[in-house]
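S.K.: What follows is input_26.tsv, made up of TSV, C-alpha atoms:
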```tsv
chain	number	residue	atom	x	y	z
A	1	MET	CA	107.44	-38.81	31.09
A	2	VAL	CA	108.53	-35.52	32.54
A	3	GLY	CA	105.82	-33.74	34.51
A	4	LEU	CA	104.96	-30.09	34.33
A	5	GLY	CA	106.75	-29.44	37.59
A	6	ASP	CA	109.91	-31.22	36.42
A	7	ARG	CA	109.78	-29.26	33.10
A	8	GLY	CA	109.45	-25.94	34.93
A	9	LEU	CA	112.36	-26.92	37.20
A	10	THR	CA	114.48	-27.83	34.19
A	11	MET	CA	113.70	-24.52	32.44
A	12	SER	CA	114.49	-22.54	35.60
A	13	SER	CA	117.84	-24.33	35.90
A	14	ALA	CA	118.66	-23.56	32.25
A	15	THR	CA	117.74	-19.91	32.75
A	16	ARG	CA	119.98	-19.62	35.83
A	17	ALA	CA	122.83	-21.31	33.93
A	18	ILE	CA	122.56	-18.81	31.08
A	19	ALA	CA	122.41	-15.89	33.52
A	20	THR	CA	125.50	-17.04	35.41
A	21	ASP	CA	127.55	-18.07	32.35
A	22	PRO	CA	128.36	-15.10	30.02
A	23	ALA	CA	129.55	-17.49	27.32
A	24	LEU	CA	126.05	-18.96	27.11
A	25	ALA	CA	124.24	-15.61	27.34
A	26	THR	CA	126.25	-13.85	24.63
A	27	PRO	CA	126.67	-15.40	21.16
A	28	PRO	CA	130.26	-15.71	19.95
A	29	ALA	CA	131.68	-12.64	18.22
A	30	SER	CA	132.64	-14.76	15.22
A	31	ALA	CA	129.00	-15.76	14.74
A	32	GLY	CA	127.93	-12.09	14.69
A	33	ARG	CA	130.63	-11.21	12.18
A	34	ALA	CA	129.64	-14.16	9.99
A	35	ARG	CA	126.00	-13.07	10.11
A	36	ARG	CA	126.88	-9.47	9.21
A	37	SER	CA	129.12	-10.73	6.42
A	38	ARG	CA	126.29	-12.80	4.96
A	39	VAL	CA	123.91	-9.84	5.14
A	40	LYS	CA	126.43	-7.49	3.54
A	41	TRP	CA	127.83	-9.65	0.76
A	42	GLY	CA	124.80	-11.79	-0.10
A	43	PRO	CA	122.95	-9.26	-2.32
A	44	LEU	CA	126.23	-8.14	-3.88
A	45	LEU	CA	127.05	-11.69	-4.95
A	46	LEU	CA	123.69	-11.84	-6.74
A	47	LEU	CA	124.61	-8.68	-8.65
A	48	LEU	CA	128.00	-9.94	-9.78
A	49	PRO	CA	126.79	-11.54	-13.07
A	50	ALA	CA	124.91	-8.39	-14.07
A	51	ILE	CA	127.87	-6.18	-13.11
A	52	ALA	CA	130.22	-8.39	-15.14
A	53	VAL	CA	127.98	-8.22	-18.22
A	54	VAL	CA	127.53	-4.45	-17.99
A	55	THR	CA	131.26	-3.95	-17.48
A	56	MET	CA	132.34	-6.19	-20.36
A	57	PHE	CA	129.76	-5.19	-22.95
A	58	PHE	CA	129.08	-1.55	-22.05
A	59	LEU	CA	131.68	0.12	-19.84
A	60	VAL	CA	134.79	-1.37	-21.45
A	61	PRO	CA	133.69	-0.55	-25.05
A	62	LEU	CA	132.62	2.92	-23.92
A	63	VAL	CA	136.01	3.59	-22.35
A	64	ASP	CA	137.71	2.26	-25.49
A	65	VAL	CA	135.64	4.58	-27.70
A	66	PHE	CA	136.52	7.58	-25.52
A	67	ILE	CA	140.23	6.69	-25.60
A	68	ARG	CA	140.11	6.42	-29.39
A	69	SER	CA	138.42	9.81	-29.62
A	70	VAL	CA	141.37	11.50	-27.90
A	71	THR	CA	144.26	9.37	-29.22
A	72	ASP	CA	143.45	8.56	-32.88
A	73	PRO	CA	145.30	9.50	-35.04
A	74	GLU	CA	147.36	11.28	-32.34
A	75	PRO	CA	146.77	12.33	-28.72
A	76	GLY	CA	144.77	15.53	-28.40
A	77	LEU	CA	141.35	17.06	-28.84
A	78	GLN	CA	141.56	17.58	-32.58
A	79	ASN	CA	138.66	15.18	-33.20
A	80	TYR	CA	136.35	17.23	-30.97
A	81	GLU	CA	137.61	20.41	-32.58
A	82	TRP	CA	136.71	18.94	-35.97
A	83	LEU	CA	133.29	18.01	-34.59
A	84	LEU	CA	132.49	21.47	-33.24
A	85	THR	CA	133.93	23.51	-36.13
A	86	ASN	CA	132.44	21.50	-39.00
A	87	PRO	CA	128.94	22.85	-39.75
A	88	VAL	CA	127.93	19.55	-41.38
A	89	ASN	CA	128.45	17.69	-38.11
A	90	LEU	CA	126.37	20.19	-36.15
A	91	GLU	CA	123.64	20.04	-38.77
A	92	VAL	CA	123.54	16.24	-38.64
A	93	LEU	CA	123.43	16.28	-34.84
A	94	ALA	CA	120.57	18.77	-34.84
A	95	ARG	CA	118.71	16.76	-37.49
A	96	THR	CA	119.14	13.58	-35.45
A	97	PHE	CA	117.61	15.05	-32.32
A	98	LEU	CA	114.85	16.81	-34.27
A	99	THR	CA	113.89	13.63	-36.11
A	100	SER	CA	113.88	11.63	-32.89
A	101	LEU	CA	111.71	14.31	-31.26
A	102	ILE	CA	109.23	14.24	-34.16
A	103	VAL	CA	109.03	10.45	-33.96
A	104	THR	CA	108.45	10.66	-30.20
A	105	VAL	CA	105.58	13.12	-30.63
A	106	VAL	CA	104.00	11.03	-33.41
A	107	CYS	CA	104.25	7.85	-31.33
A	108	LEU	CA	102.73	9.63	-28.31
A	109	LEU	CA	99.77	10.97	-30.31
A	110	VAL	CA	99.06	7.51	-31.73
A	111	ALA	CA	99.89	5.43	-28.65
A	112	TYR	CA	97.88	7.31	-26.02
A	113	PRO	CA	94.42	6.74	-27.58
A	114	TYR	CA	95.44	3.17	-28.45
A	115	ALA	CA	96.53	2.46	-24.88
A	116	TYR	CA	93.35	4.05	-23.53
A	117	LEU	CA	91.29	1.81	-25.83
A	118	MET	CA	93.12	-1.20	-24.40
A	119	THR	CA	91.94	-0.26	-20.89
A	120	ILE	CA	88.22	-0.02	-21.73
A	121	VAL	CA	87.69	-3.03	-23.99
A	122	GLY	CA	87.12	-6.61	-22.91
A	123	GLU	CA	89.80	-9.18	-22.24
A	124	ARG	CA	89.57	-10.80	-25.66
A	125	ALA	CA	89.71	-7.50	-27.55
A	126	ARG	CA	92.62	-6.40	-25.38
A	127	GLY	CA	94.51	-9.52	-26.37
A	128	TRP	CA	94.01	-8.75	-30.06
A	129	LEU	CA	95.09	-5.12	-29.59
A	130	THR	CA	98.22	-6.29	-27.77
A	131	LEU	CA	98.94	-8.73	-30.58
A	132	PHE	CA	98.63	-6.00	-33.22
A	133	VAL	CA	100.98	-3.65	-31.38
A	134	MET	CA	103.54	-6.42	-30.78
A	135	LEU	CA	103.65	-7.63	-34.39
A	136	PRO	CA	106.35	-5.12	-35.44
A	137	LEU	CA	108.68	-6.55	-32.80
A	138	TRP	CA	108.36	-10.01	-34.33
A	139	THR	CA	109.31	-8.91	-37.85
A	140	SER	CA	112.77	-8.08	-39.13
A	141	ILE	CA	113.39	-4.35	-39.26
A	142	LEU	CA	114.94	-4.75	-42.71
A	143	VAL	CA	111.80	-6.48	-44.02
A	144	ARG	CA	109.57	-3.76	-42.59
A	145	THR	CA	111.74	-1.04	-44.10
A	146	LEU	CA	111.65	-2.68	-47.53
A	147	ALA	CA	107.86	-2.87	-47.23
A	148	TRP	CA	107.73	0.87	-46.50
A	149	MET	CA	109.93	1.49	-49.53
A	150	VAL	CA	107.31	-0.23	-51.69
A	151	LEU	CA	104.42	1.62	-50.07
A	152	LEU	CA	106.01	5.08	-50.16
A	153	ALA	CA	107.60	4.83	-53.61
A	154	ASP	CA	106.71	7.42	-56.22
A	155	THR	CA	104.81	4.69	-58.10
A	156	GLY	CA	103.70	2.87	-54.95
A	157	PRO	CA	100.18	2.10	-53.69
A	158	ILE	CA	99.90	5.21	-51.52
A	159	ASN	CA	100.76	7.56	-54.37
A	160	ASP	CA	98.43	5.61	-56.67
A	161	PHE	CA	95.62	6.20	-54.17
A	162	LEU	CA	96.46	9.90	-53.82
A	163	GLU	CA	96.41	10.28	-57.58
A	164	ALA	CA	93.09	8.42	-57.83
A	165	ILE	CA	91.37	10.80	-55.39
A	166	GLY	CA	92.75	13.86	-57.16
A	167	VAL	CA	95.44	14.90	-54.71
A	168	GLY	CA	98.29	13.98	-57.00
A	169	ARG	CA	101.50	12.12	-56.36
A	170	GLN	CA	103.52	13.38	-53.40
A	171	PRO	CA	107.21	12.91	-52.51
A	172	LEU	CA	106.83	10.47	-49.63
A	173	ILE	CA	110.10	8.56	-49.83
A	174	ARG	CA	113.54	10.17	-49.47
A	175	THR	CA	111.98	12.75	-47.13
A	176	THR	CA	111.86	13.42	-43.40
A	177	PHE	CA	108.22	12.34	-43.49
A	178	GLY	CA	109.13	8.90	-44.82
A	179	VAL	CA	111.93	8.45	-42.28
A	180	ALA	CA	109.73	9.55	-39.37
A	181	LEU	CA	106.89	7.30	-40.50
A	182	GLY	CA	109.11	4.24	-40.75
A	183	MET	CA	110.74	4.92	-37.37
A	184	ALA	CA	107.40	5.57	-35.67
A	185	GLN	CA	106.02	2.25	-36.88
A	186	VAL	CA	109.01	0.42	-35.39
A	187	LEU	CA	109.04	2.32	-32.08
A	188	LEU	CA	105.30	2.46	-31.45
A	189	PRO	CA	105.24	-0.62	-29.13
A	190	PHE	CA	107.80	1.03	-26.85
A	191	MET	CA	105.34	3.88	-26.34
A	192	VAL	CA	102.11	1.90	-26.12
A	193	LEU	CA	103.18	-0.60	-23.48
A	194	PRO	CA	104.44	1.86	-20.81
A	195	ILE	CA	101.41	4.11	-21.29
A	196	TYR	CA	99.03	1.16	-21.03
A	197	SER	CA	100.82	0.00	-17.87
A	198	ALA	CA	100.23	3.42	-16.30
A	199	LEU	CA	96.63	3.78	-17.49
A	200	ALA	CA	95.68	0.31	-16.24
A	201	LYS	CA	96.61	1.35	-12.67
A	202	ILE	CA	94.37	4.45	-12.63
A	203	ASP	CA	91.28	4.08	-10.45
A	204	ARG	CA	88.40	5.14	-12.70
A	205	ARG	CA	86.33	6.04	-9.64
A	206	LEU	CA	88.44	9.20	-9.49
A	207	LEU	CA	86.86	10.35	-12.74
A	208	ALA	CA	83.40	9.71	-11.34
A	209	ALA	CA	84.36	11.66	-8.23
A	210	SER	CA	85.55	14.62	-10.29
A	211	SER	CA	82.30	14.53	-12.29
A	212	SER	CA	80.29	14.55	-9.07
A	213	LEU	CA	82.17	17.70	-8.06
A	214	GLY	CA	81.10	19.47	-11.25
A	215	ALA	CA	84.00	18.79	-13.61
A	216	ASN	CA	83.17	18.07	-17.23
A	217	GLY	CA	84.89	15.43	-19.33
A	218	LEU	CA	87.76	17.63	-20.53
A	219	THR	CA	88.44	18.98	-17.05
A	220	SER	CA	88.47	15.47	-15.57
A	221	PHE	CA	90.89	14.33	-18.27
A	222	PHE	CA	93.38	17.20	-17.95
A	223	LYS	CA	93.14	17.58	-14.16
A	224	VAL	CA	92.86	13.95	-13.07
A	225	TYR	CA	93.49	11.36	-15.78
A	226	LEU	CA	96.40	12.93	-17.66
A	227	PRO	CA	98.51	13.74	-14.55
A	228	LEU	CA	98.08	10.18	-13.29
A	229	SER	CA	99.27	8.81	-16.63
A	230	ARG	CA	102.38	10.99	-16.67
A	231	PRO	CA	104.78	8.22	-15.49
A	232	GLY	CA	103.84	6.10	-18.50
A	233	ILE	CA	104.13	9.05	-20.88
A	234	PHE	CA	107.54	9.91	-19.49
A	235	ALA	CA	108.83	6.32	-19.65
A	236	GLY	CA	107.56	5.76	-23.20
A	237	SER	CA	108.79	9.11	-24.49
A	238	ILE	CA	112.28	8.68	-23.08
A	239	THR	CA	112.52	5.13	-24.46
A	240	VAL	CA	111.37	6.12	-27.96
A	241	PHE	CA	113.54	9.24	-28.03
A	242	ILE	CA	116.72	7.41	-27.04
A	243	LEU	CA	116.10	4.49	-29.39
A	244	GLY	CA	115.37	6.90	-32.24
A	245	LEU	CA	118.78	8.55	-31.90
A	246	GLY	CA	120.60	5.40	-33.00
A	247	PHE	CA	118.60	4.40	-36.08
A	248	TYR	CA	120.64	3.61	-39.16
A	249	ILE	CA	118.78	1.29	-41.55
A	250	ILE	CA	115.53	3.25	-41.86
A	251	PRO	CA	117.12	6.70	-42.48
A	252	SER	CA	119.48	5.12	-45.00
A	253	LEU	CA	116.76	3.34	-47.00
A	254	LEU	CA	113.78	5.68	-46.62
A	255	GLY	CA	115.74	8.92	-46.59
A	256	SER	CA	118.38	10.65	-48.63
A	257	PRO	CA	121.72	12.26	-47.74
A	258	LYS	CA	119.69	15.28	-46.66
A	259	GLU	CA	118.02	13.10	-43.98
A	260	ALA	CA	121.24	11.44	-42.78
A	261	MET	CA	121.54	10.97	-39.03
A	262	VAL	CA	124.51	10.62	-36.69
A	263	SER	CA	124.65	6.83	-37.10
A	264	SER	CA	125.16	7.23	-40.85
A	265	LEU	CA	127.88	9.82	-40.28
A	266	ILE	CA	129.66	7.55	-37.78
A	267	TYR	CA	129.53	4.66	-40.25
A	268	GLN	CA	130.95	6.90	-42.96
A	269	GLN	CA	133.86	8.07	-40.81
A	270	VAL	CA	134.74	4.60	-39.52
A	271	SER	CA	134.05	2.28	-42.47
A	272	VAL	CA	134.62	4.54	-45.48
A	273	PHE	CA	137.31	6.99	-44.37
A	274	LEU	CA	138.78	4.77	-41.59
A	275	LEU	CA	138.83	7.79	-39.25
A	276	TRP	CA	138.13	5.97	-36.01
A	277	GLY	CA	138.89	8.98	-33.85
A	278	GLN	CA	136.33	11.21	-35.55
A	279	GLY	CA	133.69	8.48	-35.48
A	280	ALA	CA	134.37	7.91	-31.78
A	281	ALA	CA	134.11	11.65	-31.09
A	282	LEU	CA	130.69	11.71	-32.78
A	283	GLY	CA	129.51	8.80	-30.63
A	284	ILE	CA	130.75	10.38	-27.39
A	285	ALA	CA	129.16	13.72	-28.32
A	286	LEU	CA	125.83	12.00	-28.99
A	287	LEU	CA	126.02	10.22	-25.63
A	288	VAL	CA	126.88	13.39	-23.69
A	289	VAL	CA	124.13	15.49	-25.29
A	290	THR	CA	121.61	12.71	-24.66
A	291	ILE	CA	122.54	12.53	-20.97
A	292	ILE	CA	122.24	16.32	-20.65
A	293	ILE	CA	118.78	16.27	-22.22
A	294	LEU	CA	117.67	13.47	-19.89
A	295	VAL	CA	118.91	15.35	-16.81
A	296	VAL	CA	117.21	18.59	-17.86
A	297	PHE	CA	113.98	16.83	-18.80
A	298	ASN	CA	113.92	14.90	-15.54
A	299	ARG	CA	114.46	18.11	-13.61
A	300	PHE	CA	111.53	19.92	-15.20
A	301	VAL	CA	109.14	16.95	-15.28
A	302	ARG	CA	108.51	16.75	-11.55
A	303	GLY	CA	107.23	13.49	-10.16
A	304	ALA	CA	107.99	11.53	-13.31
A	305	SER	CA	109.64	8.14	-13.33
A	306	LEU	CA	111.45	6.07	-15.93
A	307	ALA	CA	109.47	3.04	-14.77
A	308	PRO	CA	105.68	3.48	-14.92
A	309	GLY	CA	103.99	2.61	-11.67
A	310	VAL	CA	107.16	3.23	-9.61
A	311	GLU	CA	106.91	6.40	-7.60
A	312	PRO	CA	110.00	8.64	-7.54
A	313	GLU	CA	111.66	9.40	-4.24
```
Could you show the structure in this file as structure tokens?

M.R.:
Amino acid sequence: MVGLGDRGLTMSSATRAIATDPALATPPASAGRARRSRVKWGPLLLLLPAIAVVTMFFLVPLVDVFIRSVTDPEPGLQNYEWLLTNPVNLEVLARTFLTSLIVTVVCLLVAYPYAYLMTIVGERARGWLTLFVMLPLWTSILVRTLAWMVLLADTGPINDFLEAIGVGRQPLIRTTFGVALGMAQVLLPFMVLPIYSALAKIDRRLLAASSSLGANGLTSFFKVYLPLSRPGIFAGSITVFILGLGFYIIPSLLGSPKEAMVSSLIYQQVSVFLLWGQGAALGIALLVVTIIILVVFNRFVRGASLAPGVEPE
């Protein structure tokens, strides 16, 4: 057994050896480079699968669509000239963004009280409310649209009820109202969940503090509660707005040619007329305008974040 004195002597000898031998005091340069290489390339290697998927299934098709828009049927910008000089195209683009905006507002007005209710009820009731809002995601969009066609038909249950109460039958299907209603029902979960995520993180003691300082209920809501829920509102609104721009089935079945959106026009150009260049130009134009709107909206909505609960830099 080595005594304490022998151990101290051994440690002192090792310390002197390291001090006198630079090779022992300084780690090899290759070891430092290897360590830096592991630190630098380790996270990147974890991202490689995601980068490969995004490149193959998003970037490559996007580049192909852009190339088609400027080369089909011949190289040039004639497809974009057709897009900007044809009033029908501009009308369809405007209608697409207007319809998506209406759906976003409707979803926000319905989702905010619903999400607030989810924060104040018990655990069991919250589970049922979550189940109800998630049900549309578990049902085929075609089945839901066909159900809305039955409900909104001129001889459907809703018009029967309106006639029974003396209002009279109303044109519900083949209208912007019918299209917006069907889209809102599908997109509502994408608004409820981000808003609920933001509301659940709000400390309700802040409302009590504002009340103790003399603020009434409305003042506490608009000055304290609503600003704190803004990240969820922003995330849900952006998600619903972007998803609404690409709807095809619901506008085709619940609307009429007067309610056609860009997706229907792209399908017509590509599948009916076989004009791939014009269809690609419509898709690129929709993408560019959407990006511009997102940049402008993000600039004016200070402090907002696409992910609720994540503070912007």

S.K.: By how many Å are atom CA of A:Tyr114 and atom CA of A:Pro136 apart?

M.R.: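 One can read the atom CA of A:Tyr114 to atom CA of A:Pro136 distance as 15.4 Å.
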
S.K.: Go through A:Ile266, A:Ile293, A:Val53, A:Ala94 one by one, measure the shortest atom-to-atom distance of each to A:Ala280 using only C-alpha atoms, and give the residue with the smallest value.

M.R.: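 When distances to A:Ala280 are compared using only C-alpha atoms, the smallest one comes from A:Ile266.
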
S.K.: How big is the axis-aligned box around the listed atoms of stretch 276-279 of chain A once 3 Å is added on each side, and where is its centre? Give both in Å to one decimal, as JSON.

M.R.:
```
{"center_x": 136.3, "center_y": 8.6, "center_z": -34.9, "size_x": 11.2, "size_y": 11.2, "size_z": 8.2}
```

S.K.: Select from stretch 111-217 of chain A every residue with an atom at most 6 Å from any atom of stretch 253-257 of chain A, then for each give the shortest pair of atoms and their distance in Å to one decimal, using all atoms listed in the file, rows by chain and rising number, as CSV.

M.R.:
```
residue,atom,partner,partner_atom,distance
A:Ile173,CA,A:Leu254,CA,5.7
A:Arg174,CA,A:Gly255,CA,3.8
A:Thr175,CA,A:Gly255,CA,5.4
A:Gly178,CA,A:Leu254,CA,5.9
A:Val179,CA,A:Leu254,CA,5.5
```

S.K.: In Å, rounded to a single decimal, give me how far atom CA of A:Phe97 is from atom CA of A:Trp148.

M.R.: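 Those two atoms sit 22.4 Å apart.
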
S.K.: Go ahead and compute the interatomic distance for atom CA of A:Met183 and atom CA of A:Val103, in Å to one decimal.

M.R.: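 We find that atom CA of A:Met183 and atom CA of A:Val103 lie 6.7 Å from each other.
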
S.K.: Using only C-alpha atoms, which of A:Arg204, A:Lys258, A:Arg68, A:Arg299 sits nearest A:Thr96?

M.R.: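 Of A:Arg204, A:Lys258, A:Arg68, A:Arg299, the one nearest A:Thr96 is A:Lys258, counting only C-alpha atoms.
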
S.K.: Excluding A:Gly244 and residues on its chain fewer than 2 positions from it, collect all residues at most 10 Å away from it, counting only C-alpha atoms, and give them as a list in words.

M.R.: Thr96, Phe97, Thr99, Ser100, Leu101, Ile102, Val103, Thr104, Ala180, Met183, Ala184, Val186, Leu187, Ile238, Thr239, Val240, Phe241, Ile242, Gly246, Phe247 and Tyr248 of chain A

S.K.: Taking only C-alpha atoms into account, name the residue in A:Ala208, A:Met134, A:Ile250, A:Val289 that is nearest to A:Thr176.

M.R.: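 Of all the options, A:Ile250 lies closest to A:Thr176.
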
S.K.: Counting all atoms listed in the file, which of A:Leu83, A:Ile249, A:Gln170, A:Val65 gets nearest to A:Ile141?

M.R.: A:Ile249

S.K.: Is there a way to get, as a PyMOL selection string, all residues within 12 Å of the point (102.0, -2.8, -43.5) in file coordinates, counting all atoms listed in the file?

M.R.: chain A and resi 132+135-136+139+143-152+157-158+181-182+185-186

S.K.: Taking (135.0, 5.8, -22.4) in the file's own coordinates, collect the residues within 12 Å, counting all atoms listed in the file, and hand them back as an mmCIF file with C-alpha atoms, in the frame of the given file.

M.R.:
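The new file out16.cif reads:
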```
data_model
loop_
_atom_site.group_PDB
_atom_site.id
_atom_site.type_symbol
_atom_site.label_atom_id
_atom_site.label_comp_id
_atom_site.auth_asym_id
_atom_site.auth_seq_id
_atom_site.Cartn_x
_atom_site.Cartn_y
_atom_site.Cartn_z
ATOM 1 C CA THR A 55 131.260 -3.950 -17.480
ATOM 2 C CA PHE A 58 129.080 -1.550 -22.050
ATOM 3 C CA LEU A 59 131.680 0.120 -19.840
ATOM 4 C CA VAL A 60 134.790 -1.370 -21.450
ATOM 5 C CA PRO A 61 133.690 -0.550 -25.050
ATOM 6 C CA LEU A 62 132.620 2.920 -23.920
ATOM 7 C CA VAL A 63 136.010 3.590 -22.350
ATOM 8 C CA ASP A 64 137.710 2.260 -25.490
ATOM 9 C CA VAL A 65 135.640 4.580 -27.700
ATOM 10 C CA PHE A 66 136.520 7.580 -25.520
ATOM 11 C CA ILE A 67 140.230 6.690 -25.600
ATOM 12 C CA ARG A 68 140.110 6.420 -29.390
ATOM 13 C CA SER A 69 138.420 9.810 -29.620
ATOM 14 C CA VAL A 70 141.370 11.500 -27.900
ATOM 15 C CA ALA A 280 134.370 7.910 -31.780
ATOM 16 C CA ALA A 281 134.110 11.650 -31.090
ATOM 17 C CA GLY A 283 129.510 8.800 -30.630
ATOM 18 C CA ILE A 284 130.750 10.380 -27.390
ATOM 19 C CA ALA A 285 129.160 13.720 -28.320
ATOM 20 C CA LEU A 287 126.020 10.220 -25.630
ATOM 21 C CA VAL A 288 126.880 13.390 -23.690
#
```

S.K.: Have a look at A:Ser220, A:Asn298, A:Thr155, A:Ser252 and name the one nearest to A:Arg169; count only C-alpha atoms.

M.R.: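 Among the listed residues, A:Thr155 lies closest to A:Arg169.
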